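Engineer: Provided below: target_11.json, containing JSON, C-alpha atoms.
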```json
[["chain", "number", "residue", "atom", "x", "y", "z"],
["A", 1, "MET", "CA", 100.40, 108.63, 108.60],
["A", 2, "ALA", "CA", 99.24, 111.98, 107.19],
["A", 3, "ALA", "CA", 102.86, 113.06, 106.86],
["A", 4, "CYS", "CA", 103.56, 110.02, 104.71],
["A", 5, "PHE", "CA", 100.70, 110.92, 102.35],
["A", 6, "GLU", "CA", 101.86, 114.52, 102.18],
["A", 7, "ASP", "CA", 105.39, 113.34, 101.39],
["A", 8, "LEU", "CA", 104.17, 111.09, 98.58],
["A", 9, "ASP", "CA", 102.02, 113.89, 97.19],
["A", 10, "ARG", "CA", 104.96, 116.33, 97.34],
["A", 11, "ARG", "CA", 107.24, 113.82, 95.64],
["A", 12, "VAL", "CA", 104.77, 113.39, 92.77],
["A", 13, "ASP", "CA", 104.57, 117.19, 92.42],
["A", 14, "ASP", "CA", 108.36, 117.42, 92.32],
["A", 15, "VAL", "CA", 108.65, 114.68, 89.73],
["A", 16, "GLN", "CA", 105.94, 116.24, 87.56],
["A", 17, "ASP", "CA", 107.77, 119.57, 87.66],
["A", 18, "ARG", "CA", 111.05, 117.94, 86.70],
["A", 19, "ILE", "CA", 109.43, 115.91, 83.94],
["A", 20, "ALA", "CA", 107.99, 119.08, 82.44],
["A", 21, "SER", "CA", 111.49, 120.47, 82.13],
["A", 22, "ASP", "CA", 113.57, 117.35, 81.43],
["A", 23, "ALA", "CA", 112.37, 113.74, 80.98],
["A", 24, "GLN", "CA", 115.04, 111.40, 82.31],
["A", 25, "LEU", "CA", 115.33, 107.73, 83.13],
["A", 26, "SER", "CA", 115.94, 108.51, 86.81],
["A", 27, "LEU", "CA", 112.59, 110.32, 86.99],
["A", 28, "ARG", "CA", 110.78, 107.33, 85.57],
["A", 29, "LYS", "CA", 112.49, 105.14, 88.15],
["A", 30, "GLU", "CA", 111.41, 107.50, 90.94],
["A", 31, "ILE", "CA", 107.83, 107.51, 89.66],
["A", 32, "SER", "CA", 107.89, 103.72, 89.61],
["A", 33, "GLU", "CA", 109.13, 103.65, 93.21],
["A", 34, "ILE", "CA", 106.38, 106.05, 94.30],
["A", 35, "ARG", "CA", 103.71, 103.99, 92.55],
["A", 36, "ASN", "CA", 105.01, 100.77, 94.12],
["A", 37, "GLN", "CA", 104.99, 102.37, 97.57],
["A", 38, "VAL", "CA", 101.45, 103.65, 97.07],
["A", 39, "ILE", "CA", 100.25, 100.28, 95.82],
["A", 40, "SER", "CA", 101.78, 98.54, 98.85],
["A", 41, "MET", "CA", 100.21, 101.00, 101.25],
["A", 42, "ARG", "CA", 96.82, 100.63, 99.59],
["A", 43, "ARG", "CA", 97.02, 96.83, 99.78],
["A", 44, "TYR", "CA", 97.64, 97.20, 103.49],
["A", 45, "LEU", "CA", 95.08, 99.91, 104.24],
["A", 46, "ALA", "CA", 92.09, 98.92, 102.05],
["A", 47, "PRO", "CA", 91.39, 95.59, 103.84],
["A", 48, "GLN", "CA", 91.63, 97.37, 107.19],
["A", 49, "ARG", "CA", 89.12, 99.96, 105.98],
["A", 50, "ASP", "CA", 86.77, 97.16, 104.89],
["A", 51, "ALA", "CA", 87.14, 95.24, 108.16],
["A", 52, "VAL", "CA", 86.49, 98.30, 110.32],
["A", 53, "THR", "CA", 83.47, 99.23, 108.16],
["A", 54, "VAL", "CA", 81.97, 95.76, 108.62],
["A", 55, "LEU", "CA", 82.74, 95.75, 112.33],
["A", 56, "GLN", "CA", 81.11, 99.15, 112.75],
["A", 57, "ALA", "CA", 78.01, 98.11, 110.80],
["A", 58, "ASP", "CA", 77.46, 94.86, 112.71],
["A", 59, "ARG", "CA", 75.28, 95.10, 115.78],
["A", 60, "LEU", "CA", 77.56, 93.19, 118.11],
["A", 61, "SER", "CA", 76.35, 93.14, 121.70],
["A", 62, "TRP", "CA", 79.79, 93.92, 123.13],
["A", 63, "LEU", "CA", 80.13, 97.16, 121.12],
["A", 64, "THR", "CA", 78.67, 100.28, 122.69],
["A", 65, "GLU", "CA", 77.31, 103.19, 120.68],
["A", 66, "LEU", "CA", 80.49, 105.09, 121.52],
["A", 67, "ASP", "CA", 82.54, 102.18, 120.15],
["A", 68, "ARG", "CA", 80.48, 102.22, 116.95],
["A", 69, "ALA", "CA", 80.93, 105.98, 116.60],
["A", 70, "ARG", "CA", 84.68, 105.61, 117.01],
["A", 71, "LEU", "CA", 84.78, 102.78, 114.48],
["A", 72, "LEU", "CA", 82.77, 104.89, 112.03],
["A", 73, "GLU", "CA", 85.30, 107.71, 112.42],
["A", 74, "ILE", "CA", 88.18, 105.28, 111.88],
["A", 75, "ALA", "CA", 86.48, 103.78, 108.82],
["A", 76, "ASP", "CA", 85.86, 107.24, 107.36],
["A", 77, "ARG", "CA", 89.48, 108.25, 107.93],
["A", 78, "ALA", "CA", 90.73, 105.01, 106.36],
["A", 79, "ALA", "CA", 88.43, 105.52, 103.36],
["A", 80, "ARG", "CA", 89.81, 109.03, 102.85],
["A", 81, "ARG", "CA", 93.37, 107.71, 103.05],
["A", 82, "VAL", "CA", 92.65, 105.00, 100.49],
["A", 83, "GLU", "CA", 91.13, 107.65, 98.20],
["A", 84, "ASP", "CA", 94.24, 109.81, 98.72],
["A", 85, "LEU", "CA", 96.44, 106.87, 97.77],
["A", 86, "GLU", "CA", 94.40, 106.24, 94.63],
["A", 87, "LEU", "CA", 94.71, 109.90, 93.66],
["A", 88, "ILE", "CA", 98.48, 109.86, 94.21],
["A", 89, "ARG", "CA", 98.76, 106.62, 92.22],
["A", 90, "ASP", "CA", 96.75, 108.12, 89.35],
["A", 91, "ARG", "CA", 98.85, 111.29, 89.35],
["A", 92, "ALA", "CA", 102.04, 109.23, 89.30],
["A", 93, "SER", "CA", 100.67, 107.19, 86.38],
["A", 94, "VAL", "CA", 99.91, 110.35, 84.43],
["A", 95, "ALA", "CA", 103.37, 111.70, 85.19],
["A", 96, "ALA", "CA", 104.91, 108.47, 83.92],
["A", 97, "GLU", "CA", 103.16, 108.88, 80.57]]
```
Can you present the structure in this file as structure tokens?

Structural biologist:
Amino acid sequence: MAACFEDLDRRVDDVQDRIASDAQLSLRKEISEIRNQVISMRRYLAPQRDAVTVLQADRLSWLTELDRARLLEIADRAARRVEDLELIRDRASVAAE
């Protein structure tokens, strides 16, 4: 999944560079596609982050401390990915303006 985020980030960088030199309709279309992809990924990932966070926080008898630690790590990683997506979305929005 990290490669996907890096690819989106690189694509926004490329589009921003091209916009600085030549604003074209095709660039706006590409920015729109990037934003739509980011929004879709965030809609998928954010609820998972929330569910794992709640699961980790609950004191369920069938979860061991190791399970909770793993869930905390997963929740933290998901939170960082959602933040990355929001940053990419914001950068794409700025590039579109």

Engineer: Enter the distance from CA of Ala75 (chain A) to CA of Val38 (chain A), in Å, rounded to one decimal.

Structural biologist: 19.0 Å

Engineer: When you count all atoms listed in the file, which of these residues is closest to Cys4 (chain A): A:Ala46, A:Val52, A:Ala96, A:Ile34?

Structural biologist: A:Ile34

Engineer: Taking all atoms listed in the file into account, name the residue in A:Ala57, A:Leu8, A:Val82, A:Leu63 that is nearest to Arg35 (chain A).

Structural biologist: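 For Arg35 (chain A), the nearest of the candidates is A:Leu8.
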
Engineer: Measure the distance from CA of Ser26 (chain A) to CA of Ile39 (chain A) in Å and round it to one decimal.

Structural biologist: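 Going from CA of Ser26 (chain A) over to CA of Ile39 (chain A) covers 19.9 Å.
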
Engineer: Write out as a VMD selection string the residues lying within 12 Å of Arg89 (chain A), counting all atoms listed in the file and excluding same-chain residues fewer than 4 positions away.

Structural biologist: chain A and resid 5 8 to 9 11 to 12 31 to 42 82 to 85 93 to 96

Engineer: I'd like the interatomic distance between CA of Asp76 (chain A) and CA of Asp14 (chain A), to a tenth of an Å.

Structural biologist: 28.9 Å

Engineer: Within 10 Å of Asp50 (chain A), counting only C-alpha atoms, which residues qualify if same-chain residues fewer than 6 places away don't, as a VMD selection string?

Structural biologist: chain A and resid 56 75 78 to 79

Engineer: Write out, as a CSV table (one decimal), in the coordinates of the input, the residues just selected, with C-alpha atoms.

Structural biologist:
```
chain,number,residue,atom,x,y,z
A,56,GLN,CA,81.1,99.2,112.8
A,75,ALA,CA,86.5,103.8,108.8
A,78,ALA,CA,90.7,105.0,106.4
A,79,ALA,CA,88.4,105.5,103.4
```

Engineer: Identify which of the residues A:Val15, A:Leu45, A:Leu71, A:Ala2 lies closest to Asp58 (chain A), counting all atoms listed in the file when measuring atom-to-atom distances.

Structural biologist: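 Checking each candidate against Asp58 (chain A), we get A:Leu71 as the closest.
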